[in-house]
>>> print(open('final13.cif').read())   # mmCIF, C-alpha atoms
data_data
#
loop_
_atom_site.label_atom_id
_atom_site.label_comp_id
_atom_site.auth_asym_id
_atom_site.auth_seq_id
_atom_site.Cartn_x
_atom_site.Cartn_y
_atom_site.Cartn_z
CA MET Z 1 7.02 -0.69 19.24
CA GLY Z 2 3.90 -1.07 17.22
CA ALA Z 3 0.47 0.39 17.79
CA ILE Z 4 -3.10 -0.77 17.91
CA VAL Z 5 -4.98 0.08 14.77
CA PRO Z 6 -8.33 1.86 15.00
CA GLY Z 7 -11.00 -0.66 15.88
CA GLY Z 8 -8.85 -2.54 18.36
CA LEU Z 9 -6.98 -5.04 16.15
CA SER Z 10 -3.39 -5.48 17.29
CA LEU Z 11 -0.64 -5.08 14.77
CA PRO Z 12 2.04 -7.79 14.68
CA CYS Z 13 4.52 -5.73 16.68
CA GLN Z 14 2.10 -4.74 19.46
CA VAL Z 15 3.07 -6.07 22.88
CA ARG Z 16 0.75 -4.24 25.25
CA PRO Z 17 -2.67 -5.87 25.76
CA ARG Z 18 -5.76 -3.83 25.17
CA ARG Z 19 -9.39 -4.58 25.79
CA ARG Z 20 -10.99 -5.88 22.63
CA ARG Z 21 -13.78 -4.07 20.89
CA ARG Z 22 -16.09 -5.47 18.30
CA PRO Z 23 -16.03 -3.86 14.87
CA ALA Z 24 -18.50 -1.02 14.51
CA ILE Z 25 -21.97 -2.15 13.44
CA LEU Z 26 -23.91 -0.59 10.62
CA GLY Z 27 -26.36 1.15 12.89
CA ARG Z 28 -24.42 4.35 12.24
CA PRO Z 29 -22.18 4.85 9.20
CA PRO Z 30 -19.08 7.06 9.43
CA ASP Z 31 -19.75 10.73 10.07
CA PRO Z 32 -19.68 12.48 6.68
CA GLN Z 33 -17.08 15.09 5.86
CA PRO Z 34 -18.35 18.29 4.19
CA GLU Z 35 -17.87 16.89 0.70
CA GLU Z 36 -19.28 13.49 1.65
CA PHE Z 37 -22.81 14.82 1.55
CA ILE Z 38 -25.77 12.74 2.67
CA VAL Z 39 -29.07 13.61 1.01
CA THR Z 40 -32.36 11.80 0.78
CA GLU Z 41 -33.19 12.33 -2.88
CA SER Z 42 -32.50 9.65 -5.44
CA ALA Z 43 -29.46 10.18 -7.64
CA GLY Z 44 -30.17 7.58 -10.26
CA ARG Z 45 -28.63 4.39 -11.49
CA ARG Z 46 -25.32 4.85 -9.67
CA PHE Z 47 -26.86 3.77 -6.34
CA ASP Z 48 -28.45 0.68 -7.87
CA ASP Z 49 -25.18 -0.37 -9.52
CA ALA Z 50 -23.25 -0.08 -6.27
CA THR Z 51 -25.96 -1.87 -4.32
CA GLU Z 52 -26.08 -4.75 -6.80
CA ALA Z 53 -22.31 -5.17 -6.79
CA LEU Z 54 -22.31 -5.28 -3.00
CA ARG Z 55 -25.28 -7.67 -2.87
CA HIS Z 56 -23.58 -10.05 -5.28
CA GLY Z 57 -20.37 -10.02 -3.24
CA LEU Z 58 -22.17 -10.67 0.04
CA ARG Z 59 -24.22 -13.57 -1.24
CA THR Z 60 -21.37 -15.38 -2.98
CA GLY Z 61 -19.68 -17.95 -0.76
CA GLU Z 62 -16.41 -18.21 -2.64
CA ARG Z 63 -16.28 -14.63 -3.84
CA GLN Z 64 -15.34 -14.08 -7.44
CA TYR Z 65 -14.69 -10.45 -6.55
CA PRO Z 66 -13.61 -9.88 -2.92
CA PHE Z 67 -13.48 -6.15 -3.46
CA VAL Z 68 -16.22 -3.74 -4.55
CA LEU Z 69 -14.52 -0.60 -5.84
CA LEU Z 70 -16.38 2.58 -6.74
CA ASP Z 71 -14.45 5.11 -8.77
CA GLY Z 72 -15.40 8.60 -9.85
CA ALA Z 73 -14.25 12.20 -9.93
CA PRO Z 74 -14.40 14.33 -6.76
CA LEU Z 75 -17.98 15.42 -5.99
CA SER Z 76 -19.46 12.85 -8.38
CA GLY Z 77 -21.28 11.19 -5.49
CA VAL Z 78 -18.95 8.23 -4.89
CA THR Z 79 -19.16 8.35 -1.09
CA ARG Z 80 -22.92 8.78 -1.25
CA SER Z 81 -23.13 5.73 -3.54
CA MET Z 82 -21.06 3.72 -1.05
CA TYR Z 83 -23.30 4.88 1.76
CA GLU Z 84 -26.49 3.92 -0.08
CA ALA Z 85 -25.13 0.48 -1.02
CA VAL Z 86 -24.11 -0.29 2.55
CA ARG Z 87 -27.30 1.18 4.05
CA ARG Z 88 -29.35 -1.30 2.05
CA HIS Z 89 -27.61 -4.18 3.84
CA PRO Z 90 -28.45 -3.37 7.47
CA ASP Z 91 -27.62 -6.86 8.75
CA ALA Z 92 -23.95 -6.58 7.87
CA LEU Z 93 -21.24 -5.77 10.39
CA LEU Z 94 -19.52 -2.62 9.20
CA ILE Z 95 -15.87 -2.07 10.04
CA HIS Z 96 -15.36 1.60 9.26
CA THR Z 97 -12.39 2.44 11.50
CA TRP Z 98 -9.70 0.68 9.48
CA THR Z 99 -7.43 1.89 6.71
CA ALA Z 100 -5.92 -0.09 3.86
CA LEU Z 101 -2.70 -0.26 5.85
CA ASP Z 102 -4.59 -1.71 8.82
CA VAL Z 103 -6.01 -4.43 6.58
CA ALA Z 104 -2.59 -5.26 5.11
CA ALA Z 105 -0.99 -5.31 8.57
CA ALA Z 106 -3.65 -7.68 9.91
CA VAL Z 107 -3.13 -10.12 7.06
CA ASN Z 108 0.62 -9.93 7.66
CA SER Z 109 0.21 -11.53 11.10
CA PRO Z 110 -1.40 -14.96 11.82
CA ALA Z 111 -2.07 -13.84 15.38
CA ALA Z 112 -3.82 -10.70 14.18
CA LEU Z 113 -5.99 -12.71 11.78
CA THR Z 114 -6.98 -15.05 14.59
CA ASP Z 115 -7.90 -12.05 16.72
CA PHE Z 116 -9.95 -10.67 13.82
CA ASP Z 117 -11.76 -13.99 13.36
CA GLU Z 118 -12.75 -14.09 17.01
CA ARG Z 119 -14.54 -10.78 16.64
CA LEU Z 120 -16.54 -11.60 13.56
CA ASP Z 121 -20.03 -13.03 13.78
CA PRO Z 122 -20.28 -16.11 11.52
CA THR Z 123 -24.03 -15.56 11.16
CA GLN Z 124 -23.60 -12.08 9.70
CA PRO Z 125 -21.67 -10.84 6.66
CA SER Z 126 -18.90 -8.36 7.41
CA LEU Z 127 -17.96 -5.26 5.42
CA ILE Z 128 -14.77 -3.22 5.55
CA TRP Z 129 -15.37 0.41 4.50
CA LEU Z 130 -12.38 2.14 2.86
CA ASP Z 131 -13.36 5.52 1.44
CA ASP Z 132 -11.09 7.76 -0.66
CA LEU Z 133 -8.19 5.38 -1.29
CA SER Z 134 -4.88 6.86 -2.31
CA PRO Z 135 -2.89 5.02 -5.01
CA ALA Z 136 -0.57 3.59 -2.35
CA ASP Z 137 -3.63 2.33 -0.42
CA LEU Z 138 -4.72 0.43 -3.50
CA LEU Z 139 -1.26 -1.10 -3.88
CA LEU Z 140 -1.34 -2.23 -0.24
CA LEU Z 141 -4.43 -4.32 -1.03
CA THR Z 142 -2.42 -6.95 -2.91
CA PRO Z 143 -3.95 -10.14 -4.30
CA GLY Z 144 -2.50 -11.98 -1.29
CA VAL Z 145 -4.17 -9.60 1.13
CA LEU Z 146 -7.49 -9.79 -0.69
CA ASP Z 147 -7.36 -13.59 -0.84
CA ALA Z 148 -6.93 -13.73 2.94
CA VAL Z 149 -9.60 -11.12 3.66
CA SER Z 150 -12.19 -12.50 1.22
CA HIS Z 151 -12.92 -15.49 3.50
CA ARG Z 152 -13.71 -13.12 6.33
CA ALA Z 153 -15.15 -9.89 4.95
CA LEU Z 154 -16.02 -8.02 1.81
CA ILE Z 155 -14.21 -4.74 1.18
CA ILE Z 156 -16.14 -1.81 -0.26
CA ALA Z 157 -13.96 1.13 -1.22
CA SER Z 158 -13.80 4.26 -3.35
CA ILE Z 159 -11.04 5.94 -5.32
CA ASN Z 160 -10.60 8.87 -7.68
CA THR Z 161 -10.85 7.68 -11.28
CA SER Z 162 -7.70 9.62 -12.18
CA TRP Z 163 -5.66 7.33 -9.92
CA VAL Z 164 -7.20 4.25 -11.55
CA ASP Z 165 -6.34 5.59 -15.00
CA ARG Z 166 -2.75 6.33 -14.00
CA ILE Z 167 -2.23 2.86 -12.50
CA LEU Z 168 -3.70 1.06 -15.50
CA ALA Z 169 -1.57 3.15 -17.88
CA ASP Z 170 1.61 2.43 -15.91
CA ARG Z 171 3.66 -0.59 -16.93
CA SER Z 172 6.23 -0.75 -14.15
CA PRO Z 173 6.67 -3.36 -11.39
CA VAL Z 174 5.73 -0.72 -8.81
CA THR Z 175 2.06 -0.81 -9.82
CA ALA Z 176 1.87 -4.43 -11.01
CA ASN Z 177 -0.21 -5.59 -8.04
CA GLY Z 178 -2.56 -2.64 -8.47
CA ARG Z 179 -3.23 -3.53 -12.10
CA VAL Z 180 -3.96 -7.15 -11.18
CA VAL Z 181 -6.39 -6.04 -8.46
CA LEU Z 182 -8.17 -3.58 -10.74
CA LEU Z 183 -8.49 -6.04 -13.62
CA GLU Z 184 -9.07 -9.32 -11.82
CA TYR Z 185 -10.10 -8.77 -8.19
CA ALA Z 186 -12.31 -5.70 -8.09
CA ALA Z 187 -15.96 -5.45 -9.02
CA ARG Z 188 -15.69 -1.87 -10.31
CA VAL Z 189 -18.57 0.57 -10.40
CA THR Z 190 -17.76 3.84 -12.14
CA VAL Z 191 -19.82 6.77 -10.88
CA SER Z 192 -20.33 9.33 -13.63
CA PHE Z 193 -19.91 13.01 -12.84
CA GLU Z 194 -22.89 14.26 -14.83
CA LEU Z 195 -26.39 13.41 -13.66
CA GLU Z 196 -28.89 11.67 -15.91
CA HIS Z 197 -31.45 14.05 -17.40
CA HIS Z 198 -34.44 12.63 -15.52
CA VAL Z 199 -32.55 12.70 -12.21
CA ARG Z 200 -31.45 16.30 -12.80
CA LYS Z 201 -35.06 17.24 -13.50
CA GLN Z 202 -36.28 15.46 -10.38
CA LEU Z 203 -33.68 17.03 -8.10
CA SER Z 204 -34.23 20.50 -9.59
CA ALA Z 205 -37.92 20.23 -8.82
CA GLN Z 206 -37.20 19.23 -5.23
CA ARG Z 207 -34.44 21.80 -4.69
CA PRO Z 208 -34.96 24.75 -7.07
CA ASP Z 209 -32.39 26.73 -5.06
CA LEU Z 210 -29.54 24.48 -6.27
CA ASP Z 211 -27.87 24.12 -9.67
CA PHE Z 212 -27.80 20.51 -10.86
CA SER Z 213 -26.35 21.22 -14.29
CA THR Z 214 -23.38 18.92 -13.63
CA SER Z 215 -22.91 16.70 -10.57
CA VAL Z 216 -24.96 16.19 -7.45
CA GLY Z 217 -21.85 16.93 -5.39
CA GLU Z 218 -21.22 20.29 -6.99
CA ALA Z 219 -24.79 21.27 -6.23
CA PHE Z 220 -24.93 20.23 -2.59
CA VAL Z 221 -21.35 21.14 -1.64
CA GLY Z 222 -20.80 24.19 -3.84
CA GLY Z 223 -17.62 22.92 -5.48
CA ASN Z 224 -17.71 25.55 -8.22
CA VAL Z 225 -18.14 28.31 -5.65
CA LEU Z 226 -15.10 27.13 -3.70
CA LEU Z 227 -12.98 26.65 -6.80
CA GLN Z 228 -13.81 30.15 -8.01
CA ARG Z 229 -12.93 31.58 -4.60
CA TYR Z 230 -9.56 29.82 -4.79
CA LYS Z 231 -8.76 30.78 -8.37
CA SER Z 232 -9.81 34.42 -8.02
CA ALA Z 233 -8.03 35.07 -4.72
CA GLY Z 234 -6.34 38.44 -5.00
CA ALA Z 235 -3.49 40.05 -3.14
CA ALA Z 236 -5.57 40.44 0.01
CA ALA Z 237 -6.10 36.67 0.13
CA ALA Z 238 -2.58 35.68 -0.96
CA ASP Z 239 -1.78 34.07 2.40
CA GLY Z 240 -4.95 31.98 2.33
CA ARG Z 241 -4.31 30.86 -1.21
CA MET Z 242 -0.75 29.83 -0.29
CA LEU Z 243 -2.14 27.72 2.53
CA VAL Z 244 -4.62 26.02 0.21
CA GLU Z 245 -1.86 25.36 -2.33
CA ALA Z 246 0.25 23.68 0.36
CA ALA Z 247 -2.64 21.43 1.42
CA SER Z 248 -3.48 20.69 -2.23
CA ASP Z 249 0.13 19.70 -2.94
CA ALA Z 250 0.11 17.36 0.05
CA ARG Z 251 -3.02 15.62 -1.21
CA ARG Z 252 -1.74 15.40 -4.77
CA ALA Z 253 1.47 13.93 -3.35
CA GLY Z 254 -0.60 11.05 -1.97
CA LEU Z 255 -1.58 12.22 1.53
CA HIS Z 256 -5.34 11.75 1.73
CA ARG Z 257 -5.33 12.11 5.50
CA GLY Z 258 -5.72 15.41 7.29
CA VAL Z 259 -2.55 17.52 7.41
CA ARG Z 260 -1.32 18.84 10.74
CA GLU Z 261 -0.77 22.56 11.28
CA THR Z 262 2.98 22.06 11.73
CA GLU Z 263 3.11 20.12 8.46
CA LEU Z 264 1.20 22.84 6.65
CA LYS Z 265 3.67 25.46 7.87
CA ASN Z 266 6.61 23.34 6.68
CA LEU Z 267 5.03 22.96 3.25
CA LEU Z 268 4.60 26.69 2.69
CA PRO Z 269 6.98 28.31 0.18
CA ARG Z 270 10.48 28.93 1.51
CA SER Z 271 10.29 32.67 1.19
CA SER Z 272 9.69 35.71 3.35
CA VAL Z 273 6.20 36.18 1.91
CA ALA Z 274 4.87 32.90 3.35
CA PRO Z 275 2.48 33.31 6.31
CA ARG Z 276 4.61 31.54 8.92
CA GLY Z 277 3.94 33.87 11.85
CA GLN Z 278 1.09 32.69 14.07
CA ARG Z 279 -1.07 35.77 13.45
CA ARG Z 280 -0.71 35.64 9.66
CA PHE Z 281 -1.11 31.87 9.62
CA ALA Z 282 -4.32 32.10 11.67
CA SER Z 283 -5.67 34.77 9.32
CA ALA Z 284 -4.81 32.64 6.29
CA LEU Z 285 -6.49 29.62 7.85
CA GLU Z 286 -9.59 31.69 8.60
CA TRP Z 287 -9.84 32.65 4.92
CA ALA Z 288 -9.27 29.06 3.73
CA THR Z 289 -11.86 27.55 6.09
CA LEU Z 290 -14.58 30.16 5.62
CA ALA Z 291 -17.70 28.75 3.99
CA PRO Z 292 -18.87 31.35 1.45
CA ALA Z 293 -22.47 31.72 0.32
CA GLY Z 294 -23.43 28.75 -1.84
CA ALA Z 295 -20.95 26.32 -0.28
CA SER Z 296 -21.27 23.90 2.63
CA SER Z 297 -17.71 24.31 3.90
CA GLY Z 298 -14.48 26.13 3.28
CA ILE Z 299 -11.81 25.01 0.83
CA LEU Z 300 -10.08 23.54 3.88
CA PHE Z 301 -12.07 21.72 6.53
CA SER Z 302 -11.31 19.78 9.72
CA GLY Z 303 -9.81 16.36 9.16
CA LYS Z 304 -10.98 13.18 10.83
CA GLU Z 305 -8.15 13.41 13.35
CA LYS Z 306 -8.06 16.26 15.83
CA ASP Z 307 -6.18 19.40 14.78
CA THR Z 308 -5.75 18.36 11.15
CA TRP Z 309 -6.96 19.99 7.95
CA GLN Z 310 -8.08 18.54 4.65
CA VAL Z 311 -8.42 20.26 1.32
CA MET Z 312 -11.52 19.88 -0.80
CA SER Z 313 -10.56 17.10 -3.22
CA TYR Z 314 -12.44 18.91 -6.00
CA VAL Z 315 -10.05 21.87 -5.66
CA ALA Z 316 -6.98 19.63 -5.53
CA ALA Z 317 -8.19 17.85 -8.67
CA ALA Z 318 -8.47 21.22 -10.42
CA ASP Z 319 -4.80 21.82 -9.59
CA ASP Z 320 -4.17 18.52 -11.37
CA GLY Z 321 -5.92 19.78 -14.51
CA SER Z 322 -9.36 18.23 -14.07
CA ARG Z 323 -12.27 19.50 -16.15
CA GLY Z 324 -10.13 21.76 -18.32
CA ASN Z 325 -8.33 23.62 -15.52
CA PRO Z 326 -4.63 24.43 -15.99
CA THR Z 327 -2.30 22.02 -14.20
CA ARG Z 328 -0.28 23.57 -11.39
CA PRO Z 329 3.07 21.76 -11.06
CA ILE Z 330 4.43 20.34 -7.83
CA TYR Z 331 7.90 21.88 -7.60
CA ASP Z 332 11.05 20.05 -6.52
CA GLN Z 333 11.34 22.00 -3.27
CA THR Z 334 7.74 21.04 -2.44
CA TRP Z 335 8.42 17.35 -3.04
CA ASP Z 336 11.52 17.59 -0.84
CA ALA Z 337 9.59 19.38 1.89
CA ILE Z 338 6.84 16.78 1.86
CA ILE Z 339 9.27 13.84 2.03
CA THR Z 340 11.20 15.33 4.95
CA THR Z 341 8.13 16.62 6.81
CA VAL Z 342 5.79 13.63 6.90
CA PRO Z 343 6.43 10.56 9.08
CA ALA Z 344 8.47 7.84 7.37
CA ALA Z 345 5.40 5.59 7.16
CA ASP Z 346 3.62 8.23 5.05
CA ALA Z 347 6.56 8.48 2.65
CA LEU Z 348 5.26 5.35 0.92
CA GLN Z 349 2.19 7.31 -0.13
CA VAL Z 350 4.38 10.10 -1.47
CA GLY Z 351 6.60 7.69 -3.40
CA VAL Z 352 3.72 5.99 -5.21
CA SER Z 353 2.16 9.32 -6.18
CA ALA Z 354 5.50 10.65 -7.42
CA HIS Z 355 6.03 7.49 -9.46
CA LEU Z 356 2.62 7.86 -11.10
CA ARG Z 357 3.47 11.45 -11.95
CA GLY Z 358 6.65 10.44 -13.75
CA ARG Z 359 8.99 11.61 -10.99
CA ALA Z 360 11.16 8.53 -10.53
CA ASP Z 361 13.81 10.57 -8.74
CA VAL Z 362 11.34 11.81 -6.15
CA ALA Z 363 9.80 8.35 -5.79
CA GLU Z 364 13.19 6.82 -4.99
CA LYS Z 365 13.84 9.41 -2.26
CA ALA Z 366 10.43 8.74 -0.75
CA PHE Z 367 10.78 4.95 -0.89
CA ARG Z 368 14.20 5.13 0.76
CA ARG Z 369 12.72 7.10 3.64
CA ALA Z 370 9.73 4.74 3.88
CA ALA Z 371 12.06 1.72 3.93
CA GLY Z 372 13.29 2.99 7.30
CA ALA Z 373 9.80 3.27 8.78
CA ASP Z 374 9.06 1.38 12.00
CA HIS Z 375 5.93 -0.09 10.42
CA PRO Z 376 6.87 -3.54 9.05
CA VAL Z 377 4.41 -3.53 6.16
CA VAL Z 378 5.41 -0.05 4.96
CA ALA Z 379 9.12 -0.82 5.26
CA ALA Z 380 8.76 -4.10 3.36
CA ARG Z 381 6.72 -2.58 0.52
CA ALA Z 382 9.07 0.36 0.14
CA ALA Z 383 12.11 -1.92 0.08
CA ALA Z 384 10.46 -4.03 -2.60
CA PHE Z 385 9.85 -0.94 -4.74
CA LEU Z 386 13.56 -0.10 -4.52
CA THR Z 387 14.75 -3.46 -5.87
#
>>> encode(input="final13.cif", output="structure tokens")
Amino acid sequence: MGAIVPGGLSLPCQVRPRRRRRPAILGRPPDPQPEEFIVTESAGRRFDDATEALRHGLRTGERQYPFVLLDGAPLSGVTRSMYEAVRRHPDALLIHTWTALDVAAAVNSPAALTDFDERLDPTQPSLIWLDDLSPADLLLLTPGVLDAVSHRALIIASINTSWVDRILADRSPVTANGRVVLLEYAARVTVSFELEHHVRKQLSAQRPDLDFSTSVGEAFVGGNVLLQRYKSAGAAAADGRMLVEAASDARRAGLHRGVRETELKNLLPRSSVAPRGQRRFASALEWATLAPAGASSGILFSGKEKDTWQVMSYVAAADDGSRGNPTRPIYDQTWDAIITTVPAADALQVGVSAHLRGRADVAEKAFRRAAGADHPVVAARAAAFLT
């Protein structure tokens, strides 16, 4: 049996009726996560670029680009740029409870599209907010999906630049749709990590207590502080570091959602030193979620779903070798643990990430598991990747 996606739109396999709800309106954007900081100071040209791309998409009847995509490194200010662009269009209906899979599932069903149409206001433009796309999310937004959605709403989304670079460099059929979308469908706005000199000077004058030598995100969130805490963790913090590594591996494997406590425990190293007991696990979680001086959150913070945990994307990116950090490999036993631990529908995310990391063997295992998922869109996409 299917499920109703967030926002009230029935998936094709849903049989139980549910009272309809209109998409959320832009009176209140999504609640920010710790690294999705909201500040009032200007951060330069990046906001204007995003706003202009969105304005052009909203005013164009037959949209040349049905998809405004902001890309940047973690803590570069991508979410803030999305927020500013959308905030400057207060008359638009904002649908911020959907995921890329929800969008693809809606397009996959004529009945679901009709239901969607009935909830839109023809006198107002509609926006679908998709923040922090994984590579699999981007591949779900195929040209066919975007063609169908473009007559109804404009998508504004964000993604880590490293995923964009990997997809564009790949030449396999797995990522073919993603390359077409990036090159032909998306109005891309790249958000630079470093601030312009005049913006850095302005922000430093307004907030002399913060260091704006690199990105606005590092300054307001304390990314460097958290990364140093992670990298310098000694023997006393070994359990906490192991927990962070497990969450980081899950994100790097494609899971951008919050990770459940049971999943975190299953992803810990298969050894006697792992903090599996409840007392040690709780102590490790306390260390990982503590916000040290100079940071706005811990390395792990509460996910958007209850009882889930997310890792600071800036720290996970460092594990991937960003900004000169050494790359920490994802070991075979970790890949296997992730594939067997997550629901089959999430295995599609794992397979795409593994493919982009040159692990065709892992990708095949993940796609085979995803092909058995009870979600029709996931199962169909995974099966297609196996052919």
>>> resolve_selection(input="final13.cif", expression="the PyMOL selection byres ((chain Z and resi 190) around 10)", output="CSV table (one decimal) with C-alpha atoms, in the frame of the given file")
chain,number,residue,atom,x,y,z
Z,46,ARG,CA,-25.3,4.8,-9.7
Z,49,ASP,CA,-25.2,-0.4,-9.5
Z,50,ALA,CA,-23.2,-0.1,-6.3
Z,69,LEU,CA,-14.5,-0.6,-5.8
Z,70,LEU,CA,-16.4,2.6,-6.7
Z,71,ASP,CA,-14.4,5.1,-8.8
Z,72,GLY,CA,-15.4,8.6,-9.8
Z,73,ALA,CA,-14.2,12.2,-9.9
Z,76,SER,CA,-19.5,12.8,-8.4
Z,78,VAL,CA,-19.0,8.2,-4.9
Z,158,SER,CA,-13.8,4.3,-3.4
Z,159,ILE,CA,-11.0,5.9,-5.3
Z,160,ASN,CA,-10.6,8.9,-7.7
Z,161,THR,CA,-10.8,7.7,-11.3
Z,187,ALA,CA,-16.0,-5.4,-9.0
Z,188,ARG,CA,-15.7,-1.9,-10.3
Z,189,VAL,CA,-18.6,0.6,-10.4
Z,191,VAL,CA,-19.8,6.8,-10.9
Z,192,SER,CA,-20.3,9.3,-13.6
Z,193,PHE,CA,-19.9,13.0,-12.8
>>> resolve_selection(input="final13.cif", expression="the PyMOL selection byres ((chain Z and resi 272-288) around 7)", output="list in words")
Asp239, Gly240, Leu243, Val244, Lys265, Leu268, Pro269, Ser271, Thr289, Leu290, Gly298, Ile299 and Leu300 of chain Z
>>> atom_distance(input="final13.cif", atom1="atom CA of Z:His96", atom2="atom CA of Z:Trp129")
4.9 Å
>>> atom_distance(input="final13.cif", atom1="atom CA of Z:Pro143", atom2="atom CA of Z:Ala112")
18.5 Å
>>> atom_distance(input="final13.cif", atom1="atom CA of Z:Val68", atom2="atom CA of Z:Leu130")
10.2 Å
>>> closest_residue(input="final13.cif", among="Z:Pro135, Z:Gly258, Z:Pro125, Z:Pro376", to="Z:Asn108", atoms="only C-alpha atoms")
Z:Pro376
>>> residues_around(input="final13.cif", residues="Z:Ala366", least_positions_apart="3", cutoff="12 Å", atoms="all atoms listed in the file", output="mmCIF file with C-alpha atoms, in the coordinates of the input")
data_model
loop_
_atom_site.group_PDB
_atom_site.id
_atom_site.type_symbol
_atom_site.label_atom_id
_atom_site.label_comp_id
_atom_site.auth_asym_id
_atom_site.auth_seq_id
_atom_site.Cartn_x
_atom_site.Cartn_y
_atom_site.Cartn_z
ATOM 1 C CA ALA Z 253 1.470 13.930 -3.350
ATOM 2 C CA GLY Z 254 -0.600 11.050 -1.970
ATOM 3 C CA TRP Z 335 8.420 17.350 -3.040
ATOM 4 C CA ASP Z 336 11.520 17.590 -0.840
ATOM 5 C CA ALA Z 337 9.590 19.380 1.890
ATOM 6 C CA ILE Z 338 6.840 16.780 1.860
ATOM 7 C CA ILE Z 339 9.270 13.840 2.030
ATOM 8 C CA THR Z 340 11.200 15.330 4.950
ATOM 9 C CA THR Z 341 8.130 16.620 6.810
ATOM 10 C CA VAL Z 342 5.790 13.630 6.900
ATOM 11 C CA PRO Z 343 6.430 10.560 9.080
ATOM 12 C CA ALA Z 344 8.470 7.840 7.370
ATOM 13 C CA ALA Z 345 5.400 5.590 7.160
ATOM 14 C CA ASP Z 346 3.620 8.230 5.050
ATOM 15 C CA ALA Z 347 6.560 8.480 2.650
ATOM 16 C CA LEU Z 348 5.260 5.350 0.920
ATOM 17 C CA GLN Z 349 2.190 7.310 -0.130
ATOM 18 C CA VAL Z 350 4.380 10.100 -1.470
ATOM 19 C CA GLY Z 351 6.600 7.690 -3.400
ATOM 20 C CA VAL Z 352 3.720 5.990 -5.210
ATOM 21 C CA SER Z 353 2.160 9.320 -6.180
ATOM 22 C CA ALA Z 354 5.500 10.650 -7.420
ATOM 23 C CA HIS Z 355 6.030 7.490 -9.460
ATOM 24 C CA ARG Z 359 8.990 11.610 -10.990
ATOM 25 C CA ALA Z 360 11.160 8.530 -10.530
ATOM 26 C CA ASP Z 361 13.810 10.570 -8.740
ATOM 27 C CA VAL Z 362 11.340 11.810 -6.150
ATOM 28 C CA ALA Z 363 9.800 8.350 -5.790
ATOM 29 C CA ARG Z 369 12.720 7.100 3.640
ATOM 30 C CA ALA Z 370 9.730 4.740 3.880
ATOM 31 C CA ALA Z 371 12.060 1.720 3.930
ATOM 32 C CA GLY Z 372 13.290 2.990 7.300
ATOM 33 C CA ALA Z 373 9.800 3.270 8.780
ATOM 34 C CA VAL Z 378 5.410 -0.050 4.960
ATOM 35 C CA ALA Z 379 9.120 -0.820 5.260
ATOM 36 C CA ARG Z 381 6.720 -2.580 0.520
ATOM 37 C CA ALA Z 382 9.070 0.360 0.140
ATOM 38 C CA ALA Z 383 12.110 -1.920 0.080
ATOM 39 C CA PHE Z 385 9.850 -0.940 -4.740
ATOM 40 C CA LEU Z 386 13.560 -0.100 -4.520
#
>>> closest_residue(input="final13.cif", among="Z:Ala246, Z:Leu227, Z:Ala384, Z:Ala318", to="Z:Thr334", atoms="only C-alpha atoms")
Z:Ala246
>>> residues_around(input="final13.cif", residues="Z:Glu194", least_positions_apart="3", cutoff="8 Å", atoms="all atoms listed in the file", output="PyMOL selection string")
chain Z and resi 76+213-216
>>> residues_around(input="final13.cif", residues="Z:Arg207", least_positions_apart="2", cutoff="12 Å", atoms="only C-alpha atoms", output="JSON, numbers by chain")
{"Z": [39, 40, 41, 199, 200, 201, 202, 203, 204, 205, 209, 210, 211, 212, 216, 219, 220]}
>>> resolve_selection(input="final13.cif", expression="the PyMOL selection byres ((chain Z and resi 113) around 12)", output="ChimeraX atom specification")
/Z:9-12,102-112,114-120,145,148-149,151-153
>>> closest_residue(input="final13.cif", among="Z:Ile156, Z:Pro122, Z:Asp137, Z:Gly217", to="Z:Leu94", atoms="all atoms listed in the file")
Z:Ile156
>>> residues_near_point(input="final13.cif", point="(0.5, 21.0, -15.2)", cutoff="12 Å", atoms="only C-alpha atoms", output="PyMOL selection string")
chain Z and resi 317-322+324-331+357
>>> write_last_selection(input="final13.cif", atoms="C-alpha atoms", output="mmCIF file, in the frame of the given file")
data_model
loop_
_atom_site.group_PDB
_atom_site.id
_atom_site.type_symbol
_atom_site.label_atom_id
_atom_site.label_comp_id
_atom_site.auth_asym_id
_atom_site.auth_seq_id
_atom_site.Cartn_x
_atom_site.Cartn_y
_atom_site.Cartn_z
ATOM 1 C CA ALA Z 317 -8.190 17.850 -8.670
ATOM 2 C CA ALA Z 318 -8.470 21.220 -10.420
ATOM 3 C CA ASP Z 319 -4.800 21.820 -9.590
ATOM 4 C CA ASP Z 320 -4.170 18.520 -11.370
ATOM 5 C CA GLY Z 321 -5.920 19.780 -14.510
ATOM 6 C CA SER Z 322 -9.360 18.230 -14.070
ATOM 7 C CA GLY Z 324 -10.130 21.760 -18.320
ATOM 8 C CA ASN Z 325 -8.330 23.620 -15.520
ATOM 9 C CA PRO Z 326 -4.630 24.430 -15.990
ATOM 10 C CA THR Z 327 -2.300 22.020 -14.200
ATOM 11 C CA ARG Z 328 -0.280 23.570 -11.390
ATOM 12 C CA PRO Z 329 3.070 21.760 -11.060
ATOM 13 C CA ILE Z 330 4.430 20.340 -7.830
ATOM 14 C CA TYR Z 331 7.900 21.880 -7.600
ATOM 15 C CA ARG Z 357 3.470 11.450 -11.950
#
>>> closest_residue(input="final13.cif", among="Z:Leu101, Z:Leu154, Z:Ala176, Z:Leu75", to="Z:Leu54", atoms="only C-alpha atoms")
Z:Leu154
>>> closest_residue(input="final13.cif", among="Z:Leu356, Z:Ala53, Z:Arg252, Z:Pro292", to="Z:Pro173", atoms="all atoms listed in the file")
Z:Leu356
